[in-house]
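Structure file run_2.cif; described as mmCIF, C-alpha atoms.
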```
data_structure
#
loop_
_atom_site.label_atom_id
_atom_site.label_comp_id
_atom_site.auth_asym_id
_atom_site.auth_seq_id
_atom_site.Cartn_x
_atom_site.Cartn_y
_atom_site.Cartn_z
CA MET E 230 -9.45 -30.86 -14.68
CA GLN E 231 -8.20 -30.06 -11.20
CA THR E 232 -9.45 -27.03 -9.28
CA ILE E 233 -7.50 -24.90 -6.82
CA GLN E 234 -9.74 -23.10 -4.34
CA LEU E 235 -7.69 -20.05 -3.41
CA ARG E 236 -9.81 -19.74 -0.25
CA LYS E 237 -7.69 -22.46 1.33
CA PHE E 238 -4.74 -20.01 1.43
CA GLY E 239 -6.76 -17.33 3.20
CA THR E 240 -9.26 -14.60 2.36
CA VAL E 241 -6.63 -11.88 1.83
CA LEU E 242 -3.66 -12.89 -0.31
CA VAL E 243 -0.80 -10.38 -0.25
CA SER E 244 2.89 -10.43 -1.33
CA ARG E 245 5.11 -12.42 -3.69
CA PRO E 246 6.69 -14.60 -1.00
CA ALA E 247 3.19 -15.67 0.11
CA GLY E 248 2.25 -16.41 -3.53
CA LEU E 249 5.30 -18.63 -3.90
CA GLU E 250 4.60 -20.30 -0.57
CA ALA E 251 1.05 -21.07 -1.70
CA PHE E 252 2.33 -22.63 -4.91
CA ASN E 253 4.84 -24.76 -3.03
CA ALA E 254 2.13 -25.90 -0.65
CA ILE E 255 -0.26 -26.98 -3.41
CA ARG E 256 2.29 -28.45 -5.83
CA PRO E 257 2.44 -31.97 -4.31
CA GLN E 258 -1.31 -32.29 -4.90
CA LEU E 259 -1.14 -31.28 -8.55
CA ASN E 260 -0.93 -33.53 -11.55
CA GLN E 261 1.33 -31.92 -14.12
CA ASP E 262 -0.56 -33.49 -17.02
CA THR E 263 -4.01 -32.27 -16.04
CA PRO E 264 -5.29 -28.74 -16.70
CA ILE E 265 -5.82 -26.56 -13.64
CA GLN E 266 -8.58 -24.09 -12.90
CA ILE E 267 -8.41 -21.44 -10.23
CA ASP E 268 -11.46 -20.57 -8.17
CA PHE E 269 -11.56 -17.16 -6.42
CA ASP E 270 -14.76 -17.88 -4.45
CA GLU E 271 -14.87 -16.56 -0.86
CA VAL E 272 -11.62 -14.65 -1.26
CA LEU E 273 -11.85 -10.94 -0.39
CA THR E 274 -8.61 -9.70 -1.95
CA VAL E 275 -5.79 -10.98 -4.10
CA THR E 276 -3.05 -8.42 -4.75
CA PRO E 277 -1.38 -8.27 -8.16
CA SER E 278 1.95 -9.28 -6.60
CA TRP E 279 0.53 -12.45 -5.04
CA LEU E 280 -1.38 -13.40 -8.17
CA ASP E 281 1.56 -12.73 -10.49
CA GLU E 282 3.93 -14.84 -8.40
CA PHE E 283 1.44 -17.69 -7.98
CA LEU E 284 0.65 -17.76 -11.70
CA ILE E 285 4.31 -17.58 -12.79
CA HIS E 286 5.07 -20.82 -10.96
CA LEU E 287 1.78 -22.52 -11.72
CA THR E 288 1.83 -21.87 -15.48
CA ASP E 289 5.48 -22.90 -15.59
CA TYR E 290 4.70 -26.13 -13.74
CA ASN E 291 1.71 -26.99 -15.91
CA ASN E 292 3.00 -25.63 -19.19
CA GLY E 293 0.38 -22.91 -19.36
CA ARG E 294 -2.67 -25.15 -18.93
CA VAL E 295 -4.12 -22.91 -16.24
CA GLU E 296 -7.51 -21.22 -16.44
CA LEU E 297 -9.04 -18.62 -14.14
CA LEU E 298 -12.71 -19.26 -13.34
CA PRO E 299 -14.98 -16.27 -13.96
CA THR E 300 -15.20 -14.05 -10.91
CA LYS E 301 -16.72 -10.80 -9.69
CA ASN E 302 -13.89 -10.29 -7.20
CA ALA E 303 -12.98 -6.59 -7.58
CA SER E 304 -9.31 -7.04 -6.69
CA VAL E 305 -8.88 -9.77 -9.30
CA LEU E 306 -10.70 -7.78 -11.98
CA ALA E 307 -8.47 -4.78 -11.20
CA SER E 308 -5.27 -6.83 -11.36
CA LEU E 309 -5.86 -8.78 -14.57
CA PRO E 310 -5.41 -5.98 -17.16
CA VAL E 311 -2.02 -4.98 -15.72
CA LEU E 312 -0.82 -8.58 -15.48
CA LYS E 313 -1.85 -9.17 -19.07
CA GLU E 314 0.01 -6.12 -20.27
CA ALA E 315 3.04 -6.52 -18.04
CA ARG E 316 3.94 -9.96 -19.24
CA ASN E 317 4.50 -11.70 -22.51
CA ASP E 318 4.43 -15.29 -21.39
CA LEU E 319 2.19 -18.10 -20.18
CA VAL E 320 0.77 -15.91 -17.40
CA SER E 321 -0.31 -13.30 -19.91
CA ALA E 322 -1.96 -15.97 -22.08
CA THR E 323 -3.86 -17.40 -19.10
CA VAL E 324 -5.01 -13.94 -18.04
CA GLN E 325 -6.01 -12.99 -21.57
CA ARG E 326 -8.16 -16.11 -21.98
CA ALA E 327 -9.87 -15.43 -18.64
CA MET E 328 -10.61 -11.82 -19.58
CA GLU E 329 -12.06 -12.85 -22.93
CA ARG E 330 -14.26 -15.50 -21.33
CA MET E 331 -15.60 -13.03 -18.78
CA ARG E 332 -16.20 -10.44 -21.48
CA ASN E 333 -18.16 -12.95 -23.54
CA GLN E 334 -20.28 -13.93 -20.57
CA LYS E 335 -21.52 -10.38 -20.01
CA MET C 148 -8.18 25.89 32.74
CA ALA C 149 -5.58 27.92 34.57
CA THR C 150 -3.71 24.87 35.88
CA GLU C 151 -3.49 23.14 32.49
CA LYS C 152 0.10 22.33 31.66
CA LYS C 153 1.53 24.23 28.70
CA VAL C 154 4.78 23.98 26.79
CA ARG C 155 6.66 26.24 24.41
CA ILE C 156 6.89 25.71 20.69
CA GLY C 157 10.22 23.87 20.68
CA GLU C 158 9.00 21.34 23.22
CA ALA C 159 5.70 20.96 21.36
CA ALA C 160 7.58 20.27 18.13
CA ARG C 161 9.67 17.64 19.91
CA ILE C 162 6.58 15.92 21.34
CA LEU C 163 4.90 15.75 17.93
CA ASN C 164 8.10 15.02 16.00
CA VAL C 165 7.48 17.89 13.60
CA SER C 166 9.38 21.11 12.92
CA VAL C 167 8.69 24.43 14.60
CA GLN C 168 7.73 25.80 11.18
CA THR C 169 5.15 23.03 10.78
CA LEU C 170 3.57 24.10 14.07
CA ARG C 171 3.44 27.71 12.85
CA ASN C 172 1.75 26.49 9.64
CA TRP C 173 -0.74 24.45 11.64
CA GLU C 174 -1.61 27.51 13.68
CA LYS C 175 -2.27 29.50 10.50
CA SER C 176 -4.42 26.73 9.05
CA GLY C 177 -6.31 26.26 12.32
CA LYS C 178 -5.13 22.67 12.80
CA LEU C 179 -3.50 23.40 16.17
CA ARG C 180 -4.21 26.48 18.22
CA ALA C 181 -1.42 28.21 20.12
CA GLU C 182 -1.83 30.62 22.99
CA ARG C 183 0.39 33.67 23.32
CA SER C 184 2.22 34.96 26.36
CA ARG C 185 2.50 38.67 26.97
CA GLY C 186 5.84 38.52 25.22
CA LYS C 187 4.01 37.03 22.17
CA GLN C 188 5.58 33.63 22.63
CA ARG C 189 3.50 30.62 21.58
CA TYR C 190 2.34 28.16 24.22
CA TYR C 191 0.63 24.85 23.59
CA ALA C 192 -1.66 22.90 25.89
CA LEU C 193 0.02 19.58 26.63
CA GLN C 194 -3.32 17.80 26.60
CA GLU C 195 -3.99 19.02 23.04
CA LEU C 196 -0.56 17.84 21.93
CA HIS C 197 -1.11 14.37 23.34
CA LYS C 198 -4.47 14.19 21.61
CA LEU C 199 -2.85 15.23 18.35
CA ALA C 200 -0.03 12.74 18.81
CA LEU C 201 -2.64 10.02 18.41
CA ASP C 202 -3.60 11.46 15.05
CA LEU C 203 -2.68 8.62 12.72
CA GLN C 204 -1.49 10.88 9.91
CA ILE C 205 0.82 12.78 12.22
CA LEU C 206 2.16 9.60 13.79
CA GLY C 207 2.80 8.09 10.36
CA LEU C 208 4.49 11.21 9.06
CA ALA C 209 6.68 11.34 12.15
CA TRP C 210 7.67 7.71 11.55
CA ALA C 211 8.53 8.44 7.93
CA LYS C 212 10.51 11.62 8.30
CA SER C 213 11.97 12.20 11.76
CA ALA C 214 15.72 11.83 12.09
CA LEU C 215 15.36 9.38 14.95
CA PRO C 216 12.55 6.85 14.79
CA PRO C 217 9.85 7.77 17.31
CA GLU C 218 8.42 5.13 19.59
CA LEU C 219 5.22 3.70 18.17
CA PRO C 220 2.31 1.99 19.84
CA SER C 221 2.89 -1.70 18.98
CA GLU C 222 -0.47 -1.99 17.23
CA TYR C 223 0.75 0.43 14.54
CA TYR C 224 4.16 -1.12 13.91
CA CYS C 225 4.77 -4.12 11.66
CA GLU C 226 8.45 -4.96 11.84
CA ARG C 227 8.12 -7.93 9.53
CA SER C 228 6.12 -8.70 6.45
CA ASP C 229 4.12 -11.57 7.97
CA ARG C 230 2.79 -9.32 10.71
CA PHE C 231 1.81 -6.76 8.10
CA THR C 232 0.05 -9.40 6.01
CA SER C 233 -1.99 -10.70 8.91
CA ARG C 234 -2.99 -7.17 9.91
CA VAL C 235 -4.10 -6.39 6.34
CA ALA C 236 -6.26 -9.51 6.42
CA LYS C 237 -7.74 -8.34 9.73
CA MET C 238 -8.49 -4.92 8.23
CA GLY C 239 -10.16 -6.58 5.23
CA ALA C 240 -12.48 -8.52 7.54
CA GLU C 241 -13.24 -5.39 9.57
CA LEU C 242 -14.06 -3.45 6.39
CA GLN C 243 -16.42 -6.23 5.29
CA ASN C 244 -18.22 -6.13 8.63
CA ALA C 245 -18.19 -2.37 9.07
CA GLY C 246 -21.51 -1.69 7.36
CA GLY C 247 -21.85 0.99 4.72
CA ILE C 248 -18.79 -0.31 2.88
CA SER C 249 -19.47 -2.42 -0.20
CA GLU C 250 -17.72 -5.73 -0.77
CA GLU C 251 -16.09 -4.16 -3.82
CA LEU C 252 -14.68 -1.23 -1.82
CA ALA C 253 -13.50 -3.55 0.97
CA SER C 254 -11.72 -5.72 -1.59
CA LEU C 255 -10.06 -2.79 -3.34
CA LEU C 256 -9.02 -0.90 -0.19
CA THR C 257 -7.38 -4.10 1.05
CA LEU C 258 -5.59 -4.40 -2.29
CA VAL C 259 -4.35 -0.79 -2.18
CA ALA C 260 -3.12 -0.97 1.42
CA GLY C 261 -1.72 -4.48 0.94
CA GLU C 262 0.21 -3.58 -2.19
CA ILE C 263 1.65 -0.32 -0.81
CA GLY C 264 2.74 -1.88 2.48
CA ASP C 265 4.11 -4.98 0.80
CA ASN C 266 6.17 -2.79 -1.54
CA SER C 267 7.99 -1.40 1.48
CA PHE C 268 9.14 -4.87 2.45
CA ALA C 269 9.79 -6.07 -1.10
CA HIS C 270 11.91 -3.06 -2.04
CA ASN C 271 13.94 -2.71 1.13
CA GLY C 272 14.61 -6.39 1.80
CA ALA C 273 17.40 -6.50 4.30
CA ASN C 274 18.62 -2.98 3.44
CA TRP C 275 16.66 -0.79 5.81
CA PRO C 276 18.77 2.27 6.66
CA ASP C 277 17.77 2.14 10.34
CA MET C 278 14.44 0.73 11.53
CA PRO C 279 12.87 -2.04 9.43
CA GLY C 280 9.19 -2.41 8.80
CA VAL C 281 6.16 -0.23 8.29
CA PHE C 282 3.90 2.01 10.24
CA TYR C 283 0.39 0.78 9.43
CA ALA C 284 -2.71 2.19 11.03
CA TYR C 285 -6.31 2.65 10.04
CA ASP C 286 -9.50 4.12 11.37
CA ILE C 287 -12.53 2.77 9.55
CA ALA C 288 -14.90 5.24 11.22
CA LYS C 289 -12.74 8.12 9.97
CA ARG C 290 -12.32 6.32 6.61
CA LEU C 291 -8.56 6.58 6.74
CA ILE C 292 -5.55 4.27 6.27
CA VAL C 293 -1.96 5.42 6.86
CA LEU C 294 1.24 3.60 5.86
CA ALA C 295 4.81 4.78 6.24
CA ASP C 296 8.30 3.34 6.12
CA ARG C 297 11.83 4.50 6.89
CA GLY C 298 13.29 2.72 3.89
CA ARG C 299 15.39 3.92 0.96
CA GLY C 300 12.50 5.45 -0.96
CA VAL C 301 11.14 4.92 -4.44
CA LYS C 302 13.94 6.67 -6.35
CA ALA C 303 16.77 4.72 -4.70
CA THR C 304 15.07 1.36 -5.18
CA LEU C 305 13.97 2.04 -8.78
CA ARG C 306 17.46 3.22 -9.71
CA GLN C 307 18.63 -0.36 -9.36
CA ILE C 308 16.81 -1.12 -12.62
CA ARG C 309 16.60 2.43 -14.02
CA PRO C 310 19.96 4.05 -13.21
CA GLY C 311 19.03 7.12 -15.27
CA LEU C 312 16.23 8.21 -12.98
CA ALA C 313 17.10 11.76 -11.93
CA THR C 314 14.39 13.00 -9.61
CA ASP C 315 11.83 11.76 -7.11
CA ILE C 316 9.10 12.94 -9.46
CA ASP C 317 10.49 10.84 -12.33
CA ALA C 318 10.73 7.87 -9.98
CA LEU C 319 7.12 8.20 -8.83
CA ARG C 320 5.94 8.58 -12.41
CA VAL C 321 7.70 5.34 -13.39
CA ALA C 322 6.46 3.53 -10.29
CA PHE C 323 2.82 4.52 -10.81
CA THR C 324 2.55 4.57 -14.60
CA GLU C 325 5.14 2.54 -16.49
CA ILE C 326 4.53 -1.12 -16.97
CA VAL C 327 7.68 -3.19 -17.12
CA SER C 328 7.25 -5.75 -19.89
CA GLY C 329 9.37 -8.80 -20.32
CA ARG C 330 9.43 -12.41 -21.36
CA SER C 331 11.49 -13.47 -18.38
CA PRO C 332 9.84 -13.45 -14.98
CA GLU C 333 10.08 -9.76 -14.10
CA LYS C 334 9.85 -9.62 -10.36
CA ARG C 335 9.67 -5.84 -10.15
CA GLY C 336 6.13 -5.23 -9.17
CA ASN C 337 3.54 -3.64 -11.32
CA GLY C 338 1.37 -3.37 -8.23
CA LEU C 339 1.44 0.43 -8.02
CA LYS C 340 -0.04 0.65 -11.53
CA VAL C 341 -2.97 -1.41 -10.32
CA VAL C 342 -3.18 0.82 -7.24
CA ARG C 343 -3.34 3.92 -9.47
CA ASN C 344 -6.03 2.42 -11.73
CA VAL C 345 -8.14 1.45 -8.73
CA VAL C 346 -7.78 4.75 -6.89
CA GLU C 347 -8.38 6.86 -9.99
CA SER C 348 -11.57 5.03 -10.89
CA LYS C 349 -13.17 4.54 -7.46
CA GLU C 350 -14.15 6.64 -4.45
CA ILE C 351 -10.70 6.31 -2.94
CA GLY C 352 -8.16 9.07 -2.40
CA LEU C 353 -4.41 8.64 -2.18
CA SER C 354 -1.55 10.84 -1.15
CA PHE C 355 1.81 9.07 -1.59
CA ARG C 356 5.12 10.75 -0.77
CA SER C 357 8.71 9.69 -1.29
CA GLY C 358 11.74 12.00 -1.33
CA ILE C 359 10.30 15.36 -2.27
CA GLY C 360 7.81 13.84 -4.69
CA LEU C 361 4.09 13.67 -4.05
CA VAL C 362 1.48 11.61 -5.88
CA ASP C 363 -1.99 12.90 -5.30
CA ILE C 364 -5.22 11.23 -6.47
CA PRO C 365 -8.49 12.88 -5.40
CA LEU C 366 -11.09 11.08 -3.31
CA GLY C 367 -13.73 11.09 -6.02
CA PRO C 368 -12.83 9.46 -9.31
CA GLY C 369 -10.07 11.61 -10.81
CA LEU C 370 -6.62 11.49 -12.29
CA MET C 371 -3.24 11.31 -10.61
CA HIS C 372 -1.20 14.46 -10.17
CA ILE C 373 2.51 14.41 -9.35
CA SER C 374 4.17 17.40 -7.74
CA MET C 375 7.07 18.45 -5.56
CA THR C 376 6.91 19.16 -1.84
CA ASP C 377 9.30 21.23 0.25
CA GLU C 378 9.87 18.50 2.80
CA ASN C 379 11.94 15.39 2.20
CA ILE C 380 10.83 11.91 3.19
CA ARG C 381 13.56 9.31 2.78
CA GLY C 382 11.21 6.32 2.68
CA THR C 383 7.55 6.49 1.81
CA TYR C 384 4.41 7.87 3.40
CA ALA C 385 0.91 7.11 2.15
CA VAL C 386 -2.53 8.27 3.23
CA ILE C 387 -5.56 6.47 1.78
CA LEU C 388 -9.00 8.07 2.19
CA PHE C 389 -12.35 6.51 1.36
#
```
Structure re-expressed in structure tokens:
Amino acid sequence: MQTIQLRKFGTVLVSRPAGLEAFNAIRPQLNQDTPIQIDFDEVLTVTPSWLDEFLIHLTDYNNGRVELLPTKNASVLASLPVLKEARNDLVSATVQRAMERMRNQK
Amino acid sequence: MATEKKVRIGEAARILNVSVQTLRNWEKSGKLRAERSRGKQRYYALQELHKLALDLQILGLAWAKSALPPELPSEYYCERSDRFTSRVAKMGAELQNAGGISEELASLLTLVAGEIGDNSFAHNGANWPDMPGVFYAYDIAKRLIVLADRGRGVKATLRQIRPGLATDIDALRVAFTEIVSGRSPEKRGNGLKVVRNVVESKEIGLSFRSGIGLVDIPLGPGLMHISMTDENIRGTYAVILF
């Protein structure tokens, strides 16, 4: 398992171009055959646009083996239901698994 | 003060970048007092006008709707997206350190402002009709954030994927409520749906205008209402209260 700390991209993550830029920056460090987990610790805000764009490229790169670590980050929790509903692809599956895990932990 | 400089209504309207009728309305509502000459003409104290010109909502509205773009203090103008992004991050940090604002509210306000401002850049790309960029200002003490752009507006940009959209109200309804589903990477944002969910469920208020459409979500938790205004805004104008 490899972990991406989103904090390394900043504490406020806004816009699709910035989401793509973040993916491009991290890609050389990723092993395509190893599952990835995303850690939202110490991030104040991730907008749905940034998260959607980042996850599109990441899940495509890793064939969907991407998991979101449980978080209390309000912006992430607000974005997930819309991302899950808006898509019908690997991003949606990743988001759905994360939401189920967090629901079960409550 | 007898020596205080005063101007007539036309000049006052020019200074504030609003219409003469708006000034008459403000007088009725008590927002801006006018004095009367013996001939019943309105006069405005220049000092009051300058104070009002620093009102963020008025400045933002002037940026969004005046025929010629007014000059803005540089701290309120983000010509490019990267400047906007770094200023949103700065606001997020200030909200976190402000005291009396929960981490949750700071996170969500930053999301709402970030998504609305970013939409302006994403939807206008290189097609700004005149001045690119957004007006972006906030006053944490007054619990207010204002964003405005001189872009093509929600209806014009949404028509690229929904040619049948007839009115500004339809366009705002689609932008704030309809989720675009798709197997292929759909790059049209669903960000405004998240914005609506957040604002409706939290202690955040939103007024969002484009064309003659107005989206209004009350400050306390409450549902969105879409209506028509009598004043056109080509781009967008948003006021966030908290």
Just so the selection is clear, what residues does the PyMOL selection byres ((chain E) within 6 of (chain C)) cover here, as a list of chain:residue names?
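On this input, the PyMOL selection byres ((chain E) within 6 of (chain C)) captures E:Val241, E:Ser244, E:Leu273, E:Thr274, E:Thr276, E:Pro277, E:Ala303, E:Ser304, E:Ser308, E:Ala315, E:Arg316, E:Asn317, E:Asp318.
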Residues picked by the PyMOL selection byres ((chain E and resi 326) around 12) here, as a PDB file with C-alpha atoms, in the coordinates of the input?
```pdb
ATOM      1  CA  GLY E 293       0.380 -22.910 -19.360  1.00  0.00           C
ATOM      2  CA  ARG E 294      -2.670 -25.150 -18.930  1.00  0.00           C
ATOM      3  CA  VAL E 295      -4.120 -22.910 -16.240  1.00  0.00           C
ATOM      4  CA  GLU E 296      -7.510 -21.220 -16.440  1.00  0.00           C
ATOM      5  CA  LEU E 297      -9.040 -18.620 -14.140  1.00  0.00           C
ATOM      6  CA  LEU E 298     -12.710 -19.260 -13.340  1.00  0.00           C
ATOM      7  CA  PRO E 299     -14.980 -16.270 -13.960  1.00  0.00           C
ATOM      8  CA  LEU E 309      -5.860  -8.780 -14.570  1.00  0.00           C
ATOM      9  CA  PRO E 310      -5.410  -5.980 -17.160  1.00  0.00           C
ATOM     10  CA  LYS E 313      -1.850  -9.170 -19.070  1.00  0.00           C
ATOM     11  CA  LEU E 319       2.190 -18.100 -20.180  1.00  0.00           C
ATOM     12  CA  VAL E 320       0.770 -15.910 -17.400  1.00  0.00           C
ATOM     13  CA  SER E 321      -0.310 -13.300 -19.910  1.00  0.00           C
ATOM     14  CA  ALA E 322      -1.960 -15.970 -22.080  1.00  0.00           C
ATOM     15  CA  THR E 323      -3.860 -17.400 -19.100  1.00  0.00           C
ATOM     16  CA  VAL E 324      -5.010 -13.940 -18.040  1.00  0.00           C
ATOM     17  CA  GLN E 325      -6.010 -12.990 -21.570  1.00  0.00           C
ATOM     18  CA  ALA E 327      -9.870 -15.430 -18.640  1.00  0.00           C
ATOM     19  CA  MET E 328     -10.610 -11.820 -19.580  1.00  0.00           C
ATOM     20  CA  GLU E 329     -12.060 -12.850 -22.930  1.00  0.00           C
ATOM     21  CA  ARG E 330     -14.260 -15.500 -21.330  1.00  0.00           C
ATOM     22  CA  MET E 331     -15.600 -13.030 -18.780  1.00  0.00           C
ATOM     23  CA  ARG E 332     -16.200 -10.440 -21.480  1.00  0.00           C
ATOM     24  CA  ASN E 333     -18.160 -12.950 -23.540  1.00  0.00           C
TER      25      ASN E 333
END
```
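Across the chains present, the PyMOL selection byres ((chain E and resi 270) around 8) applied to this file returns Gln234, Leu235, Arg236, Asp268, Phe269, Glu271, Val272 and Thr300 of chain E.
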Distance in Å - CA of Pro246 (chain E) versus CA of Leu353 (chain C)
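Spanning CA of Pro246 (chain E) to CA of Leu353 (chain C) is a straight-line distance of 25.8 Å.
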Check the smallest atom-to-atom distance from each of E:Gln231, E:Ser278, E:Asn260, E:Asn292 to Ala247 (chain E) using all atoms listed in the file, then report the winner.
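Closest to Ala247 (chain E), using all atoms listed in the file: E:Ser278.
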May I ask for the distance between CA of Ile263 (chain C) and CA of Val362 (chain C), given in Å to one decimal place?
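Distance reported for this atom pair: 13.0 Å.
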Selection near Arg245 (chain E), 7 Å with all atoms listed in the file, sequence-local residues under 3 positions removed, as a compact mmCIF listing (two decimals) with C-alpha atoms, in the coordinates of the input:
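The file below, part_24.txt, is the result:
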```txt
# COMPACT_ATOMS: atom_id res chain seq x y z
CA GLY E 248 2.25 -16.41 -3.53
CA LEU E 249 5.30 -18.63 -3.90
CA SER E 278 1.95 -9.28 -6.60
CA TRP E 279 0.53 -12.45 -5.04
CA GLU E 282 3.93 -14.84 -8.40
```
Out of C:Leu366, C:Leu319, C:Ala160, C:Leu242, which residue has the shortest atom-to-atom distance to Ala288 (chain C) when counting only C-alpha atoms?
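Going through C:Leu366, C:Leu319, C:Ala160, C:Leu242 one by one, the smallest distance to Ala288 (chain C) is for C:Leu242.
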To one decimal place, how far is CA of Lys152 (chain C) from CA of Ala181 (chain C) in Å?
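Between CA of Lys152 (chain C) and CA of Ala181 (chain C) the gap works out to 13.0 Å.
Using only C-alpha atoms, the shortest contact distance between Phe252 (chain E) and any of E:Leu312, E:Ile233, E:Phe283, E:Ile267 is found at E:Phe283.
Nearest-residue note for Tyr290 (chain E): choosing from E:Val243, E:Met230, E:Leu259, E:Ala254, the minimum distance belongs to E:Leu259, counting only C-alpha atoms.
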(2.5, 30.1, 23.1) in this file's frame - what residues fall within 9 Å of it? Use only C-alpha atoms and give the answer as a list in words.
Lys153, Val154, Arg155, Ile156, Ala181, Glu182, Arg183, Ser184, Lys187, Gln188, Arg189, Tyr190, Tyr191 and Ala192 of chain C
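Using all atoms listed in the file for every distance, the candidate list C:Ser354, C:Asn271, C:Thr324, C:Gln307 yields C:Ser354 as the residue closest to Val293 (chain C).
With all atoms listed in the file as the atoms that count, the residue of C:Leu203, C:Ala214, C:Ile364, C:Ala318 with the shortest distance to Ala284 (chain C) is C:Leu203.
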Once N, CA and C atoms are restored for region 374-388 of chain C, what would the output be as a PDB file, keeping the file's coordinate frame?
```pdb
ATOM      1  N   SER C 374       3.567  16.084  -7.977  1.00  0.00           N
ATOM      2  CA  SER C 374       4.170  17.400  -7.740  1.00  0.00           C
ATOM      3  C   SER C 374       5.335  17.266  -6.756  1.00  0.00           C
ATOM      4  N   MET C 375       5.896  18.420  -6.436  1.00  0.00           N
ATOM      5  CA  MET C 375       7.070  18.450  -5.560  1.00  0.00           C
ATOM      6  C   MET C 375       6.660  19.071  -4.232  1.00  0.00           C
ATOM      7  N   THR C 376       7.184  18.556  -3.138  1.00  0.00           N
ATOM      8  CA  THR C 376       6.910  19.160  -1.840  1.00  0.00           C
ATOM      9  C   THR C 376       8.196  19.822  -1.329  1.00  0.00           C
ATOM     10  N   ASP C 377       8.082  20.585  -0.247  1.00  0.00           N
ATOM     11  CA  ASP C 377       9.300  21.230   0.250  1.00  0.00           C
ATOM     12  C   ASP C 377       9.902  20.466   1.424  1.00  0.00           C
ATOM     13  N   GLU C 378       9.386  19.259   1.650  1.00  0.00           N
ATOM     14  CA  GLU C 378       9.870  18.500   2.800  1.00  0.00           C
ATOM     15  C   GLU C 378      10.268  17.108   2.338  1.00  0.00           C
ATOM     16  N   ASN C 379      11.448  16.679   2.683  1.00  0.00           N
ATOM     17  CA  ASN C 379      11.940  15.390   2.200  1.00  0.00           C
ATOM     18  C   ASN C 379      11.511  14.238   3.108  1.00  0.00           C
ATOM     19  N   ILE C 380      11.101  13.146   2.461  1.00  0.00           N
ATOM     20  CA  ILE C 380      10.830  11.910   3.190  1.00  0.00           C
ATOM     21  C   ILE C 380      11.720  10.843   2.574  1.00  0.00           C
ATOM     22  N   ARG C 381      12.609  10.263   3.368  1.00  0.00           N
ATOM     23  CA  ARG C 381      13.560   9.310   2.780  1.00  0.00           C
ATOM     24  C   ARG C 381      12.849   8.052   2.274  1.00  0.00           C
ATOM     25  N   GLY C 382      11.939   7.539   3.065  1.00  0.00           N
ATOM     26  CA  GLY C 382      11.210   6.320   2.680  1.00  0.00           C
ATOM     27  C   GLY C 382       9.936   6.679   1.940  1.00  0.00           C
ATOM     28  N   THR C 383       8.835   6.163   2.432  1.00  0.00           N
ATOM     29  CA  THR C 383       7.550   6.490   1.810  1.00  0.00           C
ATOM     30  C   THR C 383       6.509   6.779   2.894  1.00  0.00           C
ATOM     31  N   TYR C 384       5.503   7.528   2.481  1.00  0.00           N
ATOM     32  CA  TYR C 384       4.410   7.870   3.400  1.00  0.00           C
ATOM     33  C   TYR C 384       3.132   7.944   2.569  1.00  0.00           C
ATOM     34  N   ALA C 385       2.136   7.160   2.956  1.00  0.00           N
ATOM     35  CA  ALA C 385       0.910   7.110   2.150  1.00  0.00           C
ATOM     36  C   ALA C 385      -0.323   7.278   3.027  1.00  0.00           C
ATOM     37  N   VAL C 386      -1.235   8.099   2.550  1.00  0.00           N
ATOM     38  CA  VAL C 386      -2.530   8.270   3.230  1.00  0.00           C
ATOM     39  C   VAL C 386      -3.612   7.879   2.240  1.00  0.00           C
ATOM     40  N   ILE C 387      -4.455   6.939   2.632  1.00  0.00           N
ATOM     41  CA  ILE C 387      -5.560   6.470   1.780  1.00  0.00           C
ATOM     42  C   ILE C 387      -6.864   6.926   2.436  1.00  0.00           C
ATOM     43  N   LEU C 388      -7.696   7.610   1.670  1.00  0.00           N
ATOM     44  CA  LEU C 388      -9.000   8.070   2.190  1.00  0.00           C
ATOM     45  C   LEU C 388     -10.104   7.357   1.420  1.00  0.00           C
TER      46      LEU C 388
END
```
